[in-house]
>>> print(open('structure_15.txt').read())   # compact mmCIF, C-alpha atoms
# COMPACT_ATOMS: atom_id res chain seq x y z
CA MET A 7 100.38 95.34 89.22
CA LEU A 8 101.60 98.92 89.54
CA THR A 9 104.50 100.67 87.86
CA VAL A 10 106.01 104.03 88.79
CA GLU A 11 107.83 106.38 86.43
CA LYS A 12 109.36 109.64 87.57
CA ILE A 13 109.09 112.41 84.98
CA GLY A 14 110.74 115.51 86.36
CA ARG A 15 108.75 116.51 89.45
CA ILE A 16 105.92 114.07 88.67
CA ALA A 17 105.56 110.44 89.78
CA VAL A 18 103.26 108.56 87.40
CA ALA A 19 101.76 105.48 89.08
CA THR A 20 100.10 103.23 86.51
CA LEU A 21 97.71 100.55 87.70
CA CYS A 22 98.34 97.44 85.61
CA ARG A 23 96.56 94.48 87.20
CA PRO A 24 94.46 92.88 84.44
CA PRO A 25 91.68 92.86 83.70
CA VAL A 26 90.18 95.66 85.85
CA ASN A 27 92.85 96.63 88.43
CA ALA A 28 90.88 94.96 91.21
CA LEU A 29 92.11 95.92 94.67
CA ASP A 30 93.60 93.13 96.76
CA GLU A 31 96.01 93.13 99.69
CA ALA A 32 99.06 93.11 97.42
CA LEU A 33 97.95 96.08 95.32
CA VAL A 34 96.98 98.06 98.41
CA ALA A 35 100.39 97.35 99.92
CA ARG A 36 102.11 98.41 96.69
CA LEU A 37 100.17 101.69 96.60
CA ASP A 38 101.10 102.29 100.22
CA ALA A 39 104.80 101.76 99.42
CA VAL A 40 104.61 104.13 96.45
CA LEU A 41 103.03 106.76 98.68
CA ASP A 42 105.91 106.39 101.14
CA GLU A 43 108.39 106.83 98.31
CA VAL A 44 106.89 109.94 96.74
CA SER A 45 106.00 111.61 100.04
CA GLY A 46 109.60 111.33 101.19
CA ASP A 47 111.06 112.60 97.92
CA GLU A 48 111.28 116.40 98.05
CA GLY A 49 111.83 116.43 94.30
CA ILE A 50 108.32 115.08 93.63
CA VAL A 51 105.44 117.56 93.60
CA LEU A 52 102.61 115.52 92.09
CA LEU A 53 101.49 111.87 92.11
CA HIS A 54 99.55 111.05 88.94
CA ILE A 55 97.50 107.84 89.31
CA ARG A 56 96.29 106.29 86.07
CA SER A 57 95.57 102.92 84.46
CA ASP A 58 96.76 101.02 81.41
CA GLN A 59 93.61 98.85 81.47
CA LYS A 60 90.15 99.67 80.12
CA ALA A 61 89.02 100.27 83.71
CA PHE A 62 90.58 102.76 86.09
CA CYS A 63 89.81 100.46 89.02
CA ALA A 64 86.70 98.33 89.40
CA GLY A 65 86.91 97.91 93.17
CA ALA A 66 87.65 94.98 95.44
CA ASP A 67 89.00 91.73 94.05
CA LEU A 68 86.07 89.37 93.39
CA ALA A 69 88.12 86.22 93.99
CA LEU A 70 89.12 87.56 97.39
CA MET A 71 85.51 88.40 98.21
CA ARG A 72 84.36 84.94 97.14
CA SER A 73 86.95 83.18 99.27
CA CYS A 74 86.11 85.38 102.24
CA PHE A 75 82.38 84.84 102.06
CA ASP A 76 82.88 81.09 101.65
CA SER A 77 84.66 80.68 105.00
CA PRO A 78 83.57 81.31 108.61
CA GLU A 79 86.50 83.63 109.27
CA GLY A 80 86.10 85.32 105.88
CA PRO A 81 84.11 88.39 106.97
CA GLU A 82 86.85 89.37 109.43
CA ILE A 83 89.49 88.93 106.73
CA MET A 84 87.49 91.11 104.35
CA LEU A 85 87.00 93.68 107.07
CA ARG A 86 90.76 93.90 107.55
CA VAL A 87 91.22 94.46 103.81
CA VAL A 88 88.61 97.24 103.76
CA SER A 89 90.16 98.84 106.85
CA ARG A 90 93.55 98.73 105.14
CA MET A 91 92.03 100.43 102.08
CA GLN A 92 90.47 103.08 104.29
CA TRP A 93 93.84 103.72 105.95
CA LEU A 94 95.61 103.94 102.58
CA PHE A 95 93.08 106.38 101.15
CA ALA A 96 93.36 108.59 104.24
CA ARG A 97 97.13 108.66 103.70
CA ILE A 98 96.65 109.64 100.06
CA GLU A 99 94.31 112.45 101.07
CA ALA A 100 96.77 113.78 103.67
CA SER A 101 99.96 113.27 101.63
CA PRO A 102 102.29 116.26 101.15
CA VAL A 103 102.18 115.89 97.35
CA VAL A 104 99.28 116.81 95.09
CA THR A 105 97.44 113.69 93.92
CA LEU A 106 95.73 113.49 90.53
CA ALA A 107 93.47 110.64 89.37
CA GLU A 108 93.07 110.11 85.62
CA ILE A 109 89.82 108.15 85.22
CA GLY A 110 89.74 106.73 81.73
CA GLY A 111 87.33 103.88 82.36
CA ALA A 112 85.24 102.35 85.13
CA ALA A 113 85.89 103.63 88.66
CA LEU A 114 83.53 101.63 90.82
CA GLY A 115 83.38 100.80 94.52
CA GLY A 116 86.88 100.87 95.93
CA GLY A 117 88.12 102.30 92.65
CA MET A 118 85.91 105.35 93.06
CA GLU A 119 86.97 105.60 96.69
CA LEU A 120 90.61 105.66 95.54
CA ALA A 121 89.80 108.50 93.15
CA LEU A 122 87.87 110.38 95.85
CA ALA A 123 90.94 110.31 98.08
CA CYS A 124 92.92 112.21 95.45
CA ASP A 125 93.04 116.01 95.39
CA LEU A 126 92.14 116.30 91.73
CA ARG A 127 90.17 114.11 89.32
CA VAL A 128 89.82 114.25 85.56
CA ALA A 129 87.56 111.76 83.81
CA ALA A 130 86.80 110.62 80.33
CA ALA A 131 83.32 111.63 79.27
CA GLN A 132 82.57 107.93 78.74
CA ALA A 133 83.91 106.76 82.12
CA LYS A 134 81.57 104.88 84.45
CA ILE A 135 81.73 106.07 88.05
CA GLY A 136 79.76 104.82 91.03
CA LEU A 137 79.46 103.20 94.44
CA PRO A 138 77.23 100.16 93.83
CA GLU A 139 77.87 98.41 97.18
CA VAL A 140 74.29 98.60 98.53
CA GLY A 141 73.25 96.37 95.65
CA LEU A 142 75.27 93.63 97.33
CA GLY A 143 73.94 94.44 100.77
CA LEU A 144 77.08 96.38 101.71
CA VAL A 145 78.12 100.00 102.22
CA PRO A 146 81.09 101.80 100.64
CA GLY A 147 83.41 101.10 103.57
CA ALA A 148 86.73 102.58 102.44
CA GLY A 149 85.72 106.20 102.91
CA GLY A 150 83.15 106.51 100.14
CA THR A 151 80.20 107.62 102.26
CA GLN A 152 82.30 110.26 103.99
CA ARG A 153 84.29 111.72 101.10
CA LEU A 154 81.44 111.76 98.60
CA THR A 155 79.16 113.53 101.09
CA ARG A 156 81.87 116.04 101.95
CA LEU A 157 82.66 116.67 98.30
CA CYS A 158 79.23 116.75 96.66
CA GLY A 159 76.75 117.11 99.53
CA ARG A 160 74.22 114.75 101.04
CA GLY A 161 71.84 114.88 98.09
CA VAL A 162 74.36 113.63 95.54
CA ALA A 163 75.79 111.10 97.99
CA LYS A 164 72.35 109.67 98.68
CA ARG A 165 71.56 109.58 94.97
CA LEU A 166 74.68 107.63 94.05
CA ILE A 167 74.89 105.38 97.12
CA LEU A 168 71.26 104.69 98.05
CA ALA A 169 70.16 104.28 94.43
CA ALA A 170 73.40 102.45 93.51
CA GLU A 171 73.57 104.71 90.46
CA THR A 172 76.49 104.70 88.04
CA ILE A 173 77.09 107.95 86.15
CA ASP A 174 79.37 108.92 83.29
CA GLY A 175 82.22 111.42 83.39
CA THR A 176 80.10 114.28 82.07
CA GLU A 177 77.53 113.89 84.84
CA ALA A 178 80.31 113.40 87.39
CA GLU A 179 81.69 116.82 86.47
CA ARG A 180 78.23 118.38 86.65
CA VAL A 181 77.66 117.17 90.22
CA GLY A 182 81.19 118.13 91.30
CA LEU A 183 82.61 114.64 91.67
CA VAL A 184 85.41 115.34 89.19
CA GLN A 185 86.90 118.71 88.36
CA TRP A 186 87.42 118.15 84.63
CA VAL A 187 86.03 115.93 81.89
CA ARG A 188 87.51 115.29 78.46
CA PRO A 189 86.77 112.96 75.54
CA ARG A 190 88.59 109.68 76.10
CA GLU A 191 90.86 110.17 73.10
CA GLN A 192 92.10 113.49 74.56
CA LEU A 193 92.27 112.43 78.21
CA ALA A 194 95.86 111.17 78.49
CA ASP A 195 97.50 114.12 76.74
CA TRP A 196 95.34 116.71 78.50
CA THR A 197 95.97 115.18 81.93
CA ARG A 198 99.70 114.98 81.27
CA GLU A 199 99.74 118.71 80.48
CA LEU A 200 97.72 119.48 83.62
CA ALA A 201 100.14 117.43 85.74
CA ALA A 202 103.13 119.27 84.26
CA ARG A 203 101.54 122.66 84.95
CA ILE A 204 100.87 121.81 88.59
CA ALA A 205 104.27 120.19 89.06
CA ALA A 206 105.94 123.46 88.06
CA LEU A 207 104.49 125.11 91.18
CA PRO A 208 106.36 125.19 94.52
CA ARG A 209 105.88 122.03 96.58
CA ALA A 210 105.99 123.88 99.91
CA ALA A 211 103.15 126.20 98.91
CA LEU A 212 101.07 123.34 97.50
CA THR A 213 101.54 121.22 100.64
CA LEU A 214 100.56 124.04 102.98
CA ALA A 215 97.63 125.05 100.76
CA LYS A 216 96.35 121.44 100.87
CA ASP A 217 96.57 121.48 104.65
CA CYS A 218 94.68 124.78 104.94
CA ILE A 219 91.96 123.58 102.56
CA ALA A 220 91.42 120.54 104.82
CA ALA A 221 90.93 122.68 107.94
CA PRO A 222 87.19 123.42 107.47
CA ASP A 223 86.46 119.68 107.72
CA ASP A 224 87.65 119.63 111.35
CA PRO A 225 85.78 121.92 113.79
CA ARG A 226 88.75 121.72 116.16
CA ARG A 227 90.98 123.51 113.66
CA ASP A 228 91.18 127.26 113.09
CA GLY A 229 91.72 127.57 109.36
CA PHE A 230 92.27 131.32 109.46
CA ALA A 231 95.06 130.94 112.01
CA GLU A 232 96.55 128.14 109.92
CA GLU A 233 96.61 130.44 106.89
CA ILE A 234 98.66 132.95 108.86
CA ALA A 235 101.00 130.23 110.12
CA ALA A 236 101.45 128.89 106.58
CA SER A 237 102.09 132.38 105.24
CA ARG A 238 104.72 132.99 107.93
CA ARG A 239 106.56 129.81 106.95
CA LEU A 240 106.41 130.62 103.25
CA TYR A 241 107.58 134.21 103.66
CA HIS A 242 110.87 132.76 104.90
CA HIS A 243 111.07 129.96 102.30
CA PRO A 244 113.90 130.47 99.76
CA GLU A 245 111.80 129.47 96.74
CA THR A 246 108.95 131.78 97.75
CA ARG A 247 111.32 134.68 98.25
CA SER A 248 112.93 134.05 94.88
CA ARG A 249 109.60 133.81 93.05
CA VAL A 250 108.14 136.89 94.73
CA SER A 251 111.28 138.90 94.04
CA GLU A 252 111.25 137.88 90.38
CA PHE A 253 107.54 138.74 90.08
CA LEU A 254 107.98 142.15 91.71
CA ASN A 255 111.01 143.02 89.58
CA ARG A 256 109.17 142.03 86.42
CA SER A 257 106.05 143.99 87.40
CA TYR A 258 108.10 147.02 88.39
CA SER A 259 109.92 146.97 85.06
CA LYS A 260 106.62 146.99 83.16
CA GLU A 261 105.28 149.88 85.22
CA THR A 262 108.35 152.01 84.59
CA LEU A 263 108.48 151.48 80.84
>>> encode(input="structure_15.txt", output="structure tokens")
Amino acid sequence: MLTVEKIGRIAVATLCRPPVNALDEALVARLDAVLDEVSGDEGIVLLHIRSDQKAFCAGADLALMRSCFDSPEGPEIMLRVVSRMQWLFARIEASPVVTLAEIGGAALGGGMELALACDLRVAAAQAKIGLPEVGLGLVPGAGGTQRLTRLCGRGVAKRLILAAETIDGTEAERVGLVQWVRPREQLADWTRELAARIAALPRAALTLAKDCIAAPDDPRRDGFAEEIAASRRLYHHPETRSRVSEFLNRSYSKETL
């Protein structure tokens, strides 16, 4: 249902649960275990989440939903699954590695919420992206209302959630839901190159930068003070010192030519 391949400083997690990578308890648990593995591996800088199916992830497992809604205790079971998804996505968002979602096909419901939890998103122009839960009398309960509003603003969140609208990758880039869009036939190669470029950067700096970027979302945090604290730590980091020294020596050599 999910395979992991380590390529240098990149962990490529490929969703492979036919036909649409529907999220059930087993897949959520597997994603959680992968996150543990890559977060604890100092040699991994980036987690690249992709799919080998036509869909990226089409949301919650329909068979699970059917069984839950057919039994008196079902709603509580489904609630536990959604809560587990919400917990997993919060862990992805806060992980020390950079997370990159490659959206080649449909990312709907929980699948879009998975992508929203990632730091970076690149989509095929033809991808279908949306949170259609209100059409079933539900709300996006795994973080969708919160992360979409935070990312794109209330107007876009209300458009996509209250109107249950599905948009393509091109429109998703326009409204700020994804950072890049590419034709489907170019998506895999382009995303692989992007992942390699990011993975060549220092993990310590990326981790601390992620943490500082998250500070404005919490009024109890002082992001400016956190920048200074992060800078202090990095000034003493061996990789930072090596990179800065190399940069200064190179720049000085050019100036003295």
>>> residues_near_point(input="structure_15.txt", point="(103.2, 123.3, 103.6)", cutoff="10 Å", atoms="all atoms listed in the file", output="ChimeraX atom specification")
/A:102-103,208-218,235-237,239-240
>>> write_last_selection(input="structure_15.txt", atoms="C-alpha atoms", output="PDB file, in the coordinates of the input")
ATOM      1  CA  PRO A 102     102.290 116.260 101.150  1.00  0.00           C
ATOM      2  CA  VAL A 103     102.180 115.890  97.350  1.00  0.00           C
ATOM      3  CA  PRO A 208     106.360 125.190  94.520  1.00  0.00           C
ATOM      4  CA  ARG A 209     105.880 122.030  96.580  1.00  0.00           C
ATOM      5  CA  ALA A 210     105.990 123.880  99.910  1.00  0.00           C
ATOM      6  CA  ALA A 211     103.150 126.200  98.910  1.00  0.00           C
ATOM      7  CA  LEU A 212     101.070 123.340  97.500  1.00  0.00           C
ATOM      8  CA  THR A 213     101.540 121.220 100.640  1.00  0.00           C
ATOM      9  CA  LEU A 214     100.560 124.040 102.980  1.00  0.00           C
ATOM     10  CA  ALA A 215      97.630 125.050 100.760  1.00  0.00           C
ATOM     11  CA  LYS A 216      96.350 121.440 100.870  1.00  0.00           C
ATOM     12  CA  ASP A 217      96.570 121.480 104.650  1.00  0.00           C
ATOM     13  CA  CYS A 218      94.680 124.780 104.940  1.00  0.00           C
ATOM     14  CA  ALA A 235     101.000 130.230 110.120  1.00  0.00           C
ATOM     15  CA  ALA A 236     101.450 128.890 106.580  1.00  0.00           C
ATOM     16  CA  SER A 237     102.090 132.380 105.240  1.00  0.00           C
ATOM     17  CA  ARG A 239     106.560 129.810 106.950  1.00  0.00           C
ATOM     18  CA  LEU A 240     106.410 130.620 103.250  1.00  0.00           C
TER      19      LEU A 240
END
>>> closest_residue(input="structure_15.txt", among="A:Leu200, A:Ala170, A:Met71, A:Leu183", to="Gly136 (chain A)", atoms="all atoms listed in the file")
A:Ala170
>>> atom_distance(input="structure_15.txt", atom1="CA of Val187 (chain A)", atom2="CA of Asp223 (chain A)")
26.1 Å
>>> atom_distance(input="structure_15.txt", atom1="CA of Cys124 (chain A)", atom2="CA of Arg86 (chain A)")
22.1 Å
>>> atom_distance(input="structure_15.txt", atom1="CA of Asp67 (chain A)", atom2="CA of Ile173 (chain A)")
21.6 Å
>>> residues_around(input="structure_15.txt", residues="Arg90 (chain A)", least_positions_apart="5", cutoff="12 Å", atoms="all atoms listed in the file", output="ChimeraX atom specification")
/A:29-35,37-38,66,83-85,95-97,116,147-149
>>> decode(input="structure_15.txt", residues="region 146-158 of chain A", atoms="N, CA and C atoms", output="compact mmCIF listing (two decimals), in the first residue's frame")
# COMPACT_ATOMS: atom_id res chain seq x y z
N PRO A 146 -14.62 18.78 6.05
CA PRO A 146 -13.26 18.24 5.98
C PRO A 146 -12.68 18.21 7.40
N GLY A 147 -12.61 17.03 7.99
CA GLY A 147 -12.31 16.93 9.42
C GLY A 147 -10.89 16.58 9.77
N ALA A 148 -10.03 16.41 8.77
CA ALA A 148 -8.63 16.04 9.05
C ALA A 148 -7.70 17.22 8.84
N GLY A 149 -8.19 18.40 9.13
CA GLY A 149 -7.36 19.61 9.04
C GLY A 149 -7.63 20.47 7.83
N GLY A 150 -8.54 20.05 6.96
CA GLY A 150 -8.77 20.77 5.72
C GLY A 150 -9.29 22.18 5.89
N THR A 151 -10.25 22.38 6.81
CA THR A 151 -10.79 23.73 6.99
C THR A 151 -9.72 24.68 7.53
N GLN A 152 -8.86 24.16 8.37
CA GLN A 152 -7.84 25.00 9.01
C GLN A 152 -6.68 25.32 8.07
N ARG A 153 -6.13 24.28 7.44
CA ARG A 153 -4.93 24.50 6.61
C ARG A 153 -5.27 25.24 5.32
N LEU A 154 -6.40 24.96 4.72
CA LEU A 154 -6.76 25.66 3.49
C LEU A 154 -7.00 27.14 3.77
N THR A 155 -7.68 27.45 4.88
CA THR A 155 -7.92 28.85 5.24
C THR A 155 -6.60 29.56 5.52
N ARG A 156 -5.72 28.90 6.25
CA ARG A 156 -4.43 29.50 6.59
C ARG A 156 -3.59 29.72 5.34
N LEU A 157 -3.67 28.80 4.40
CA LEU A 157 -2.85 28.87 3.20
C LEU A 157 -3.38 29.85 2.17
N CYS A 158 -4.67 29.79 1.91
CA CYS A 158 -5.24 30.54 0.78
C CYS A 158 -6.20 31.65 1.20
